[in-house]
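> Sharing start07.csv (CSV, C-alpha atoms and all ligand atoms) below.
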chain,number,residue,atom,x,y,z
A,1,MET,CA,0.0,0.0,0.0
A,2,THR,CA,1.3,3.4,-0.8
A,3,THR,CA,0.7,6.4,1.4
A,4,GLN,CA,0.1,9.8,-0.3
A,5,GLU,CA,1.6,13.2,0.3
A,6,ILE,CA,-0.9,15.8,1.4
A,7,THR,CA,-0.3,19.4,0.6
A,8,LYS,CA,-0.9,22.2,3.1
A,9,VAL,CA,-3.7,23.6,0.9
A,10,GLN,CA,-5.4,20.2,0.6
A,11,GLU,CA,-5.3,19.8,4.4
A,12,LEU,CA,-6.7,23.2,5.0
A,13,ILE,CA,-9.6,22.8,2.5
A,14,TYR,CA,-10.3,19.5,4.1
A,15,THR,CA,-10.4,20.5,7.7
A,16,THR,CA,-11.8,24.1,7.5
A,17,ARG,CA,-15.5,24.8,7.8
A,18,VAL,CA,-17.4,27.1,5.5
A,19,GLU,CA,-18.1,29.6,8.3
A,20,THR,CA,-14.4,30.3,8.4
A,21,VAL,CA,-14.1,31.2,4.7
A,22,MET,CA,-17.4,33.1,4.2
A,23,ALA,CA,-18.0,36.9,4.2
A,24,ALA,CA,-20.4,37.5,7.0
A,25,ASP,CA,-21.6,40.9,5.9
A,26,VAL,CA,-23.8,40.0,3.0
A,27,ILE,CA,-25.3,42.7,0.8
A,28,VAL,CA,-28.8,41.7,0.0
A,29,LEU,CA,-31.5,42.9,-2.4
A,30,LYS,CA,-35.2,43.5,-1.9
A,31,PRO,CA,-37.5,41.8,-4.4
A,32,GLU,CA,-39.1,45.1,-5.6
A,33,MET,CA,-35.8,46.9,-6.4
A,34,SER,CA,-35.5,47.7,-10.1
A,35,MET,CA,-32.7,46.2,-12.2
A,36,SER,CA,-31.1,49.6,-12.7
A,37,GLU,CA,-31.1,50.2,-8.9
A,38,VAL,CA,-29.5,46.7,-8.6
A,39,LYS,CA,-26.9,47.6,-11.2
A,40,ASN,CA,-26.0,50.8,-9.4
A,41,LEU,CA,-25.7,49.1,-6.1
A,42,MET,CA,-23.6,46.3,-7.5
A,43,ARG,CA,-21.3,48.9,-9.0
A,44,SER,CA,-20.9,51.0,-5.9
A,45,MET,CA,-20.5,48.1,-3.6
A,46,ARG,CA,-18.1,46.3,-6.1
A,47,ILE,CA,-20.0,43.0,-6.0
A,48,ALA,CA,-20.8,40.7,-8.9
A,49,GLY,CA,-24.0,39.2,-7.4
A,50,ALA,CA,-26.3,39.1,-4.4
A,51,PRO,CA,-29.2,37.2,-2.9
A,52,VAL,CA,-32.7,38.6,-3.1
A,53,MET,CA,-34.4,38.3,0.2
A,54,ASP,CA,-37.9,38.3,1.5
A,55,GLY,CA,-37.2,38.9,5.2
A,56,ASP,CA,-35.2,35.8,6.3
A,57,ARG,CA,-36.1,33.8,3.2
A,58,ILE,CA,-33.8,33.6,0.1
A,59,LEU,CA,-36.0,34.1,-3.0
A,60,GLY,CA,-33.2,34.0,-5.6
A,61,MET,CA,-29.8,35.2,-6.7
A,62,VAL,CA,-28.8,38.0,-9.1
A,63,SER,CA,-25.5,38.0,-10.9
A,64,LEU,CA,-23.8,40.4,-13.3
A,65,SER,CA,-25.0,38.2,-16.2
A,66,ASP,CA,-28.6,38.7,-15.1
A,67,VAL,CA,-28.0,42.4,-15.1
A,68,MET,CA,-26.5,42.2,-18.6
A,69,ASP,CA,-29.5,40.1,-19.8
A,70,ALA,CA,-31.9,42.7,-18.5
A,71,MET,CA,-30.0,45.5,-20.2
A,72,GLU,CA,-30.0,43.7,-23.5
A,73,LYS,CA,-33.7,43.1,-23.3
A,74,GLY,CA,-34.6,46.6,-22.1
A,75,ARG,CA,-35.8,45.3,-18.7
A,76,MET,CA,-33.9,47.7,-16.5
A,77,ASP,CA,-37.1,49.2,-15.0
A,78,THR,CA,-38.6,45.8,-14.1
A,79,PRO,CA,-38.2,44.4,-10.5
A,80,VAL,CA,-35.3,42.2,-9.6
A,81,VAL,CA,-37.7,39.4,-8.6
A,82,ASP,CA,-38.6,39.0,-12.3
A,83,ASN,CA,-35.0,38.8,-13.4
A,84,MET,CA,-33.2,36.7,-10.8
A,85,THR,CA,-32.2,33.1,-10.8
A,86,LYS,CA,-34.7,31.3,-8.7
A,87,GLU,CA,-32.9,28.0,-8.3
A,88,VAL,CA,-30.5,28.8,-5.4
A,89,LYS,CA,-27.9,26.4,-4.2
A,90,THR,CA,-26.9,27.1,-0.6
A,91,VAL,CA,-24.3,25.7,1.7
A,92,LEU,CA,-24.5,25.0,5.4
A,93,LYS,CA,-22.1,27.0,7.6
A,94,ASP,CA,-20.9,23.8,9.3
A,95,ALA,CA,-20.1,22.2,6.0
A,96,SER,CA,-16.6,21.4,4.9
A,97,VAL,CA,-14.9,23.9,2.5
A,98,THR,CA,-14.6,21.0,0.1
A,99,GLU,CA,-18.4,21.1,-0.3
A,100,ALA,CA,-18.4,24.9,-1.1
A,101,ILE,CA,-15.6,24.6,-3.6
A,102,HIS,CA,-17.3,21.7,-5.3
A,103,ASN,CA,-20.5,23.7,-5.8
A,104,LEU,CA,-18.7,27.0,-6.7
A,105,GLY,CA,-17.1,25.1,-9.5
A,106,ARG,CA,-20.4,24.2,-11.0
A,107,GLN,CA,-21.7,26.4,-13.8
A,108,GLY,CA,-23.9,29.3,-12.7
A,109,PHE,CA,-22.9,29.2,-9.0
A,110,GLY,CA,-20.3,31.9,-8.7
A,111,ARG,CA,-21.4,32.7,-5.2
A,112,LEU,CA,-23.2,30.5,-2.6
A,113,PRO,CA,-25.3,31.9,0.2
A,114,VAL,CA,-24.3,30.3,3.5
A,115,VAL,CA,-27.2,29.3,5.8
A,116,ASP,CA,-27.5,27.8,9.3
A,117,ARG,CA,-29.4,24.7,10.3
A,118,ASP,CA,-32.6,26.8,10.3
A,119,GLY,CA,-32.1,28.0,6.8
A,120,LYS,CA,-31.2,31.6,8.0
A,121,LEU,CA,-28.7,33.5,5.8
A,122,VAL,CA,-25.5,34.0,7.7
A,123,GLY,CA,-22.9,34.7,5.0
A,124,ILE,CA,-21.8,34.3,1.4
A,125,VAL,CA,-18.9,32.4,-0.2
A,126,THR,CA,-17.2,33.1,-3.5
A,127,THR,CA,-13.9,31.8,-4.8
A,128,GLY,CA,-12.4,35.1,-3.6
A,129,THR,CA,-13.6,34.7,0.0
A,130,VAL,CA,-12.3,31.1,0.0
A,131,ILE,CA,-8.9,32.1,-1.3
A,132,ARG,CA,-8.5,35.1,1.0
A,133,ALA,CA,-9.4,33.0,4.1
A,134,LEU,CA,-7.1,30.1,3.1
A,135,LEU,CA,-4.2,32.5,2.5
A,136,HIS,CA,-4.8,34.2,5.8
A,137,GLU,CA,-4.9,30.8,7.5
A,138,MET,CA,-1.6,29.8,5.9
A,139,ASP,CA,-0.1,33.1,7.0
A,140,VAL,CA,-1.3,32.7,10.5
A,141,SER,CA,0.0,29.1,10.8
A,142,PHE,CA,3.4,30.2,9.4
A,143,GLN,CA,3.7,33.0,12.0
A,144,ARG,CA,2.6,30.6,14.7
A,145,LYS,CA,5.2,28.2,13.7
A,146,GLU,CA,7.9,30.9,13.8
A,147,ALA,CA,6.8,31.9,17.3
A,148,GLU,CA,6.8,28.3,18.5
A,149,LYS,CA,10.2,27.3,17.4
A,150,ILE,CA,11.7,27.5,20.8
A,151,GLN,CA,9.0,25.5,22.4
A,152,THR,CA,9.2,22.9,19.7
A,153,TYR,CA,12.9,22.5,20.3
A,154,ARG,CA,12.3,21.9,24.0
A,155,ALA,CA,9.3,19.5,23.7
A,156,SER,CA,11.2,17.3,21.3
A,157,HIS,CA,13.7,16.6,24.0
A,158,ILE,CA,11.3,14.6,26.0
A,159,PHE,CA,12.4,11.4,24.3
A,160,GLU,CA,16.0,12.1,25.0
A,161,ASP,CA,15.7,13.4,28.6
A,162,ILE,CA,13.4,10.7,30.0
A,163,SER,CA,15.1,7.3,30.3
A,164,SER,CA,13.1,4.2,29.9
A,165,ASP,CA,13.2,1.1,27.7
A,166,ASP,CA,10.2,2.5,25.7
A,167,THR,CA,8.9,6.0,26.4
A,168,SER,CA,5.4,6.8,25.3
A,169,LEU,CA,3.4,9.9,25.5
A,170,ILE,CA,-0.4,9.5,25.6
A,171,LEU,CA,-2.8,12.2,24.6
A,172,ARG,CA,-6.6,11.7,25.0
A,173,TYR,CA,-9.4,13.7,23.3
A,174,VAL,CA,-13.1,13.3,23.9
A,175,VAL,CA,-15.3,13.8,20.8
A,176,ASP,CA,-19.0,14.4,21.1
A,177,ASP,CA,-21.5,13.0,18.6
A,178,LYS,CA,-23.3,15.5,16.3
A,179,ASP,CA,-21.4,18.4,17.7
A,180,PHE,CA,-20.5,20.0,14.4
A,181,ALA,CA,-19.5,23.3,16.0
A,182,ASN,CA,-16.6,21.6,17.7
A,183,ALA,CA,-15.9,18.9,15.1
A,184,GLY,CA,-12.3,19.1,14.0
A,185,LYS,CA,-11.0,20.5,17.3
A,186,ALA,CA,-9.5,17.3,18.5
A,187,SER,CA,-7.6,16.9,15.2
A,188,SER,CA,-6.4,20.4,15.3
A,189,MET,CA,-5.1,20.0,18.9
A,190,ILE,CA,-3.4,16.8,17.9
A,191,LYS,CA,-1.8,18.5,15.0
A,192,LYS,CA,-0.5,21.3,17.2
A,193,SER,CA,0.9,18.9,19.8
A,194,LEU,CA,2.8,17.0,17.1
A,195,GLN,CA,4.2,20.2,15.7
A,196,ARG,CA,5.5,21.1,19.2
A,197,LEU,CA,7.0,17.7,19.5
A,198,GLY,CA,8.9,18.3,16.3
A,199,VAL,CA,7.3,15.7,14.1
A,200,LEU,CA,8.0,16.4,10.4
A,201,PRO,CA,5.4,18.6,8.6
A,202,SER,CA,4.9,16.0,5.8
A,203,ILE,CA,3.9,13.4,8.4
A,204,ILE,CA,1.8,15.9,10.3
A,205,ARG,CA,-0.3,16.6,7.2
A,206,ARG,CA,-1.0,13.0,6.7
A,207,VAL,CA,-1.9,12.6,10.4
A,208,ALA,CA,-4.1,15.7,10.3
A,209,VAL,CA,-6.2,14.4,7.4
A,210,ALA,CA,-6.5,10.8,8.8
A,211,VAL,CA,-7.4,12.0,12.3
A,212,TYR,CA,-9.9,14.5,10.9
A,213,GLU,CA,-11.7,11.7,9.1
A,214,ALA,CA,-11.6,9.5,12.2
A,215,GLU,CA,-13.0,12.4,14.3
A,216,MET,CA,-15.8,13.1,11.8
A,217,ASN,CA,-16.8,9.5,11.9
A,218,LEU,CA,-17.1,9.7,15.7
A,219,VAL,CA,-19.2,12.9,15.3
A,220,ILE,CA,-21.4,11.6,12.5
A,221,HIS,CA,-21.8,7.9,13.0
A,222,THR,CA,-21.8,7.2,16.8
A,223,ASP,CA,-24.6,7.4,19.3
A,224,VAL,CA,-22.6,9.0,22.2
A,225,GLY,CA,-19.4,10.1,20.7
A,226,GLY,CA,-16.1,8.5,21.5
A,227,GLU,CA,-12.4,9.1,22.2
A,228,ILE,CA,-9.3,9.6,20.2
A,229,ILE,CA,-6.1,8.4,21.9
A,230,VAL,CA,-2.7,9.3,20.5
A,231,ASP,CA,0.3,7.3,21.6
A,232,ILE,CA,3.5,8.9,20.6
A,233,ARG,CA,6.7,6.9,20.6
A,234,GLU,CA,10.1,7.8,19.5
A,235,ASP,CA,9.8,5.9,16.2
A,236,ARG,CA,6.0,5.8,15.6
A,237,LEU,CA,2.7,7.3,16.3
A,238,MET,CA,-0.3,5.1,17.1
A,239,ILE,CA,-3.8,6.6,17.0
A,240,SER,CA,-7.0,5.0,18.1
A,241,ALA,CA,-10.6,6.2,17.6
A,242,VAL,CA,-12.8,4.3,20.0
A,243,ASP,CA,-16.6,4.5,20.6
A,244,HIS,CA,-19.3,2.4,22.2
A,245,GLY,CA,-21.8,2.1,19.5
A,246,PRO,CA,-23.8,1.5,17.4
A,247,GLY,CA,-21.1,-0.6,15.8
A,248,ILE,CA,-20.7,-1.8,12.3
A,249,GLU,CA,-22.4,-4.9,10.8
A,250,ASP,CA,-20.3,-5.6,7.8
A,251,LEU,CA,-16.7,-4.4,8.0
A,252,ALA,CA,-15.8,-5.3,4.4
A,253,GLN,CA,-18.7,-3.3,3.2
A,254,VAL,CA,-17.8,0.0,5.0
A,255,LEU,CA,-14.2,-0.3,3.9
A,256,GLN,CA,-15.3,-0.1,0.2
A,257,PRO,CA,-14.7,3.5,-1.1
A,258,GLY,CA,-18.0,5.2,-1.7
A,259,TYR,CA,-20.1,3.2,0.7
A,260,SER,CA,-21.8,5.3,3.3
A,261,THR,CA,-24.8,5.1,5.6
A,262,ALA,CA,-24.8,8.9,6.3
A,263,PRO,CA,-28.3,10.4,6.1
A,264,GLU,CA,-29.3,13.2,3.7
A,265,TRP,CA,-28.7,16.1,6.1
A,266,ILE,CA,-25.2,14.9,6.7
A,267,ARG,CA,-24.6,14.7,2.9
A,268,ASP,CA,-25.9,18.2,2.6
A,269,MET,CA,-23.0,19.3,4.7
A,270,GLY,CA,-20.5,17.7,2.3
A,271,PHE,CA,-19.8,14.6,4.4
A,272,GLY,CA,-21.0,11.0,3.6
A,273,ALA,CA,-19.1,10.5,0.4
A,274,GLY,CA,-18.0,7.2,1.9
A,275,MET,CA,-14.3,8.2,1.4
A,276,GLY,CA,-13.3,8.7,5.0
A,277,LEU,CA,-11.9,5.3,5.7
A,278,ALA,CA,-10.3,5.1,2.3
A,279,ASN,CA,-8.6,8.4,3.0
A,280,ILE,CA,-7.3,7.2,6.4
A,281,LYS,CA,-5.9,4.1,4.8
A,282,ARG,CA,-4.2,6.2,2.1
A,283,CYS,CA,-2.6,8.6,4.6
A,284,SER,CA,-1.5,6.1,7.3
A,285,ASP,CA,1.1,3.3,7.3
A,286,THR,CA,-1.3,0.7,8.7
A,287,MET,CA,-4.9,0.8,9.5
A,288,SER,CA,-7.2,-1.7,11.2
A,289,LEU,CA,-10.9,-1.5,12.0
A,290,ARG,CA,-12.7,-3.7,14.5
A,291,SER,CA,-16.3,-3.5,15.4
A,292,GLU,CA,-19.5,-5.5,16.1
A,293,LEU,CA,-23.0,-4.4,15.7
A,294,GLY,CA,-24.5,-3.4,19.0
A,295,GLY,CA,-21.0,-3.0,20.4
A,296,GLY,CA,-18.3,-0.4,19.8
A,297,THR,CA,-16.0,0.4,17.0
A,298,ARG,CA,-12.2,0.7,17.3
A,299,LEU,CA,-10.0,2.2,14.5
A,300,ASP,CA,-6.3,1.9,14.9
A,301,ILE,CA,-3.9,3.7,12.7
A,302,VAL,CA,-0.1,3.8,12.8
A,303,PHE,CA,2.4,6.3,11.3
A,304,ILE,CA,6.0,5.2,11.3
A,305,PHE,CA,8.6,8.0,11.7
A,306,GLY,CA,11.3,5.7,10.4
A,307,GLN,CA,14.5,7.5,9.7
A,308,ASN,CA,12.6,10.8,10.4
A,309,ALA,CA,12.6,9.8,14.1
A,310,LEU,CA,11.8,12.4,16.7
A,311,ARG,CA,15.3,12.2,18.1
A,312,LEU,CA,16.8,13.1,14.7
A,313,ARG,CA,14.4,16.0,14.4
A,314,ALA,CA,15.5,17.2,17.8
A,315,ALA,CA,19.1,17.1,16.8
A,316,SER,CA,18.4,19.3,13.8
A,317,GLY,CA,15.4,20.8,15.3
A,318,LYS,CA,16.1,24.4,14.2
A,319,LYS,CA,14.9,23.7,10.7
A,320,SER,CA,11.3,24.5,9.6
B,401,LIG,N1,-17.3,4.8,14.4
B,401,LIG,C1,-18.3,4.3,13.6
B,401,LIG,N2,-19.4,3.7,14.1
B,401,LIG,C2,-20.3,3.2,13.3
B,401,LIG,N3,-20.2,3.2,11.9
B,401,LIG,C3,-19.1,3.8,11.4
B,401,LIG,C4,-18.1,4.4,12.2
B,401,LIG,N4,-17.2,4.8,11.3
B,401,LIG,C5,-17.6,4.5,10.1
B,401,LIG,N5,-18.8,3.9,10.1
B,401,LIG,C6,-19.5,3.4,8.9
B,401,LIG,O1,-18.6,3.3,7.8
B,401,LIG,C7,-19.1,4.0,6.7
B,401,LIG,C8,-18.0,4.5,5.9
B,401,LIG,O2,-17.2,5.4,6.6
B,401,LIG,P1,-16.4,6.5,5.8
B,401,LIG,O3,-15.7,7.4,6.8
B,401,LIG,O4,-15.5,5.8,4.8
B,401,LIG,O5,-17.5,7.2,5.0
B,401,LIG,P2,-18.6,8.3,5.5
B,401,LIG,O6,-18.2,8.7,6.9
B,401,LIG,O7,-19.9,7.7,5.3
B,401,LIG,O8,-18.4,9.5,4.5
B,401,LIG,P3,-17.2,10.5,4.4
B,401,LIG,O9,-16.1,10.0,5.4
B,401,LIG,O10,-16.7,10.5,3.0
B,401,LIG,O11,-17.7,11.8,4.8
B,401,LIG,C9,-20.0,5.0,7.3
B,401,LIG,O12,-21.0,5.5,6.4
B,401,LIG,C10,-20.6,4.3,8.5
B,401,LIG,O13,-21.7,3.5,8.1
B,402,MG,MG,-16.4,9.4,7.3
Translate this file's structure into structure tokens.
Ligand SMILES: Nc1ncnc2c1ncn2[C@@H]1O[C@H](COP(=O)(O)OP(=O)(O)OP(=O)(O)O)[C@@H](O)[C@H]1O
Ligand SMILES: [Mg+2]

Amino acid sequence: MTTQEITKVQELIYTTRVETVMAADVIVLKPEMSMSEVKNLMRSMRIAGAPVMDGDRILGMVSLSDVMDAMEKGRMDTPVVDNMTKEVKTVLKDASVTEAIHNLGRQGFGRLPVVDRDGKLVGIVTTGTVIRALLHEMDVSFQRKEAEKIQTYRASHIFEDISSDDTSLILRYVVDDKDFANAGKASSMIKKSLQRLGVLPSIIRRVAVAVYEAEMNLVIHTDVGGEIIVDIREDRLMISAVDHGPGIEDLAQVLQPGYSTAPEWIRDMGFGAGMGLANIKRCSDTMSLRSELGGGTRLDIVFIFGQNALRLRAASGKKS
């Protein structure tokens, strides 16, 4: 089995929620506004489209091309409600950025209104807001890394300073079920801890994606959440995601890429493609899944540091 390199951008897109990359101050249009008013507003606010709202309800979307159509047809005095696109694709604020990018790429959806679970408009995403937010996030993580260099250097000494036949550092994280507001927190804390310990960035990116998938499975598929346990050794990293139910009936089936039992509302958030376990397998050195229906599920994944051992990192710990 080959493991795959994950780029920083891929990791970010994967593990960031739409809420983080949206613009929260949405310019909205009233249905009765004329198309020439809309044109002037879009020009002065420098926007290329906006949702048309009836109170809290999204009636439609207007884009520059709707304005151009109206101009050509001499309909600039008619209300926007008669010129807008009525089929509006929205994205949930808790959805993964992957979901937003997927829909932005489709024809006719240059901007997506972002809604909460009650359908209330909370923001808007465009390719521009996504790129700005991701660049900002990369900048912040770079600065953080700079600031943490000294701490990293110290933390990576644990394995040299403590003498035992086999030193192991255990980190535990509790993950609640259906708690989308906090989903991803455990994986980001794990990532940060590994950075401080001086684990190579290329390994951390693989771990981040695998752990994120494991965490999302606890959030989405369990009754009462579960626990992620990270066991850090000098030469390897062992991670387990453990829960107490509902368990899995057919292990071979769930391991097939594309198989998912996620309900519709989960799919609407961009999860439930049935690719999580396949991604974990791809990113890790070994993976094993144990479960029984009515009992719990246990996922074990291992990452081997090999010649990139923590001790070697510590010796040359000033780099990156
Ligand atoms: N901890 C778990 N408890 C019970 N069932 C699980 C658990 N983890 C995974 N499954 C089952 O395995 C299936 C496949 O999981 P996988 O992570 O590959 O895909 P998914 O979670 O459905 O979709 P995606 O990960 O692409 O968002 C799930 O749909 C679910 O039925
Ligand atoms: Mg999954």
> Which residue out of A:Gly225, A:Glu146, A:Ile124, A:Val140 has the minimum interatomic distance to Tyr173 (chain A) when all atoms listed in the file are used?
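For Tyr173 (chain A), the nearest of the candidates is A:Gly225.
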> Per residue of chain A within 7 Å of ligand MG 402 (chain B), which atom pair is closest and at what distance in Å (one decimal), using all atoms listed in the file, listed by chain and increasing number, as a Markdown table?

| residue | atom | partner | partner_atom | distance |
| --- | --- | --- | --- | --- |
| A:Glu213 | CA | B:MG402 | MG | 5.5 |
| A:Ala214 | CA | B:MG402 | MG | 6.9 |
| A:Met216 | CA | B:MG402 | MG | 5.9 |
| A:Asn217 | CA | B:MG402 | MG | 4.6 |
| A:Phe271 | CA | B:MG402 | MG | 6.9 |
| A:Gly272 | CA | B:MG402 | MG | 6.1 |
| A:Gly274 | CA | B:MG402 | MG | 6.0 |
| A:Met275 | CA | B:MG402 | MG | 6.4 |
| A:Gly276 | CA | B:MG402 | MG | 3.9 |
| A:Leu277 | CA | B:MG402 | MG | 6.3 |
> Dump C-alpha atoms for the selected residues as a PDB file, keeping the file's coordinate frame?

ATOM      1  CA  GLU A 213     -11.700  11.700   9.100  1.00  0.00           C
ATOM      2  CA  ALA A 214     -11.600   9.500  12.200  1.00  0.00           C
ATOM      3  CA  MET A 216     -15.800  13.100  11.800  1.00  0.00           C
ATOM      4  CA  ASN A 217     -16.800   9.500  11.900  1.00  0.00           C
ATOM      5  CA  PHE A 271     -19.800  14.600   4.400  1.00  0.00           C
ATOM      6  CA  GLY A 272     -21.000  11.000   3.600  1.00  0.00           C
ATOM      7  CA  GLY A 274     -18.000   7.200   1.900  1.00  0.00           C
ATOM      8  CA  MET A 275     -14.300   8.200   1.400  1.00  0.00           C
ATOM      9  CA  GLY A 276     -13.300   8.700   5.000  1.00  0.00           C
ATOM     10  CA  LEU A 277     -11.900   5.300   5.700  1.00  0.00           C
TER      11      LEU A 277
END
> Residues at most 9 Å from ligand LIG 401 (chain B), using all atoms listed in the file? Could they come as an mmCIF file with C-alpha atoms, in the coordinates of the input?

data_model
loop_
_atom_site.group_PDB
_atom_site.id
_atom_site.type_symbol
_atom_site.label_atom_id
_atom_site.label_comp_id
_atom_site.auth_asym_id
_atom_site.auth_seq_id
_atom_site.Cartn_x
_atom_site.Cartn_y
_atom_site.Cartn_z
ATOM 1 C CA GLU A 213 -11.700 11.700 9.100
ATOM 2 C CA ALA A 214 -11.600 9.500 12.200
ATOM 3 C CA GLU A 215 -13.000 12.400 14.300
ATOM 4 C CA MET A 216 -15.800 13.100 11.800
ATOM 5 C CA ASN A 217 -16.800 9.500 11.900
ATOM 6 C CA LEU A 218 -17.100 9.700 15.700
ATOM 7 C CA VAL A 219 -19.200 12.900 15.300
ATOM 8 C CA ILE A 220 -21.400 11.600 12.500
ATOM 9 C CA HIS A 221 -21.800 7.900 13.000
ATOM 10 C CA THR A 222 -21.800 7.200 16.800
ATOM 11 C CA ASP A 223 -24.600 7.400 19.300
ATOM 12 C CA GLY A 225 -19.400 10.100 20.700
ATOM 13 C CA GLY A 226 -16.100 8.500 21.500
ATOM 14 C CA ALA A 241 -10.600 6.200 17.600
ATOM 15 C CA VAL A 242 -12.800 4.300 20.000
ATOM 16 C CA ASP A 243 -16.600 4.500 20.600
ATOM 17 C CA HIS A 244 -19.300 2.400 22.200
ATOM 18 C CA GLY A 245 -21.800 2.100 19.500
ATOM 19 C CA PRO A 246 -23.800 1.500 17.400
ATOM 20 C CA GLY A 247 -21.100 -0.600 15.800
ATOM 21 C CA ILE A 248 -20.700 -1.800 12.300
ATOM 22 C CA GLU A 249 -22.400 -4.900 10.800
ATOM 23 C CA LEU A 251 -16.700 -4.400 8.000
ATOM 24 C CA GLN A 253 -18.700 -3.300 3.200
ATOM 25 C CA VAL A 254 -17.800 0.000 5.000
ATOM 26 C CA LEU A 255 -14.200 -0.300 3.900
ATOM 27 C CA GLN A 256 -15.300 -0.100 0.200
ATOM 28 C CA PRO A 257 -14.700 3.500 -1.100
ATOM 29 C CA GLY A 258 -18.000 5.200 -1.700
ATOM 30 C CA TYR A 259 -20.100 3.200 0.700
ATOM 31 C CA SER A 260 -21.800 5.300 3.300
ATOM 32 C CA THR A 261 -24.800 5.100 5.600
ATOM 33 C CA ALA A 262 -24.800 8.900 6.300
ATOM 34 C CA PRO A 263 -28.300 10.400 6.100
ATOM 35 C CA ILE A 266 -25.200 14.900 6.700
ATOM 36 C CA ARG A 267 -24.600 14.700 2.900
ATOM 37 C CA GLY A 270 -20.500 17.700 2.300
ATOM 38 C CA PHE A 271 -19.800 14.600 4.400
ATOM 39 C CA GLY A 272 -21.000 11.000 3.600
ATOM 40 C CA ALA A 273 -19.100 10.500 0.400
ATOM 41 C CA GLY A 274 -18.000 7.200 1.900
ATOM 42 C CA MET A 275 -14.300 8.200 1.400
ATOM 43 C CA GLY A 276 -13.300 8.700 5.000
ATOM 44 C CA LEU A 277 -11.900 5.300 5.700
ATOM 45 C CA ALA A 278 -10.300 5.100 2.300
ATOM 46 C CA ASN A 279 -8.600 8.400 3.000
ATOM 47 C CA ILE A 280 -7.300 7.200 6.400
ATOM 48 C CA LEU A 289 -10.900 -1.500 12.000
ATOM 49 C CA SER A 291 -16.300 -3.500 15.400
ATOM 50 C CA LEU A 293 -23.000 -4.400 15.700
ATOM 51 C CA GLY A 296 -18.300 -0.400 19.800
ATOM 52 C CA THR A 297 -16.000 0.400 17.000
ATOM 53 C CA ARG A 298 -12.200 0.700 17.300
ATOM 54 C CA LEU A 299 -10.000 2.200 14.500
#
> Quick one: everything within 9 Å of Arg117 (chain A), counting only C-alpha atoms, minus sequence neighbours fewer than 4 positions away in the same chain. Send it as a list in words.
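That gives Leu92, Lys93 and Asp94 of chain A.
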> So that I can see what lies close to Gly74 (chain A), please list as a PDB file with C-alpha atoms, in the frame of the given file the residues with an atom at most 12 Å from it, counting all atoms listed in the file and leaving out residues fewer than 5 positions away in the same chain.

ATOM      1  CA  MET A  35     -32.700  46.200 -12.200  1.00  0.00           C
ATOM      2  CA  SER A  36     -31.100  49.600 -12.700  1.00  0.00           C
ATOM      3  CA  VAL A  67     -28.000  42.400 -15.100  1.00  0.00           C
ATOM      4  CA  MET A  68     -26.500  42.200 -18.600  1.00  0.00           C
ATOM      5  CA  ASP A  69     -29.500  40.100 -19.800  1.00  0.00           C
ATOM      6  CA  ASN A  83     -35.000  38.800 -13.400  1.00  0.00           C
TER       7      ASN A  83
END
> Could you build a table of the residues in region 70-170 of chain A lying no more than 10 Å from region 43-49 of chain A, giving for each the nearest pair of atoms and their separation in Å rounded to one decimal place, using all atoms listed in the file, ordered by chain and ascending residue number, as CSV?

residue,atom,partner,partner_atom,distance
A:Gly110,CA,A:Gly49,CA,8.3
A:Arg111,CA,A:Gly49,CA,7.3
A:Leu112,CA,A:Gly49,CA,10.0
A:Thr126,CA,A:Gly49,CA,9.9
> Select, from A:Lys149, A:Arg206, A:His102, A:Arg233, the residue with the minimum atom-to-atom distance to Glu11 (chain A), counting only C-alpha atoms.
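Closest to Glu11 (chain A) of all the choices is A:Arg206.
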> Any idea what's packed within 9 Å of Thr98 (chain A), counting only C-alpha atoms, ignoring anything in its chain fewer than 4 positions away? Could you give it as a compact mmCIF listing (two decimals) with C-alpha atoms, keeping the file's coordinate frame?

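As a result, selection-v8.txt now contains:
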# COMPACT_ATOMS: atom_id res chain seq x y z
CA ILE A 13 -9.60 22.80 2.50
CA TYR A 14 -10.30 19.50 4.10
CA THR A 15 -10.40 20.50 7.70
CA THR A 16 -11.80 24.10 7.50
CA ARG A 17 -15.50 24.80 7.80
CA VAL A 18 -17.40 27.10 5.50
CA HIS A 102 -17.30 21.70 -5.30
CA ASN A 103 -20.50 23.70 -5.80
CA GLY A 270 -20.50 17.70 2.30
> Rounded to one decimal place, report the CA of His136 (chain A)-CA of Leu64 (chain A) distance in Å.
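It comes out at 27.6 Å.
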> May I have the residues within 8 Å of Ala186 (chain A) as a list in words, using all atoms listed in the file and disregarding those fewer than 3 positions away in the same chain?
Tyr173, Val174, Val175, Ala183, Met189, Ile190, Glu215 and Ile228 of chain A
> Could you save the residues just selected, with C-alpha atoms, as a compact mmCIF listing (two decimals), keeping the file's coordinate frame?

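Output file again-v7.txt is given in full below:
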# COMPACT_ATOMS: atom_id res chain seq x y z
CA TYR A 173 -9.40 13.70 23.30
CA VAL A 174 -13.10 13.30 23.90
CA VAL A 175 -15.30 13.80 20.80
CA ALA A 183 -15.90 18.90 15.10
CA MET A 189 -5.10 20.00 18.90
CA ILE A 190 -3.40 16.80 17.90
CA GLU A 215 -13.00 12.40 14.30
CA ILE A 228 -9.30 9.60 20.20
> If I take CA of Leu237 (chain A) and CA of Leu200 (chain A), how far is one from the other in Å, to one decimal?
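Straight-line distance from CA of Leu237 (chain A) to CA of Leu200 (chain A) works out to 12.1 Å.
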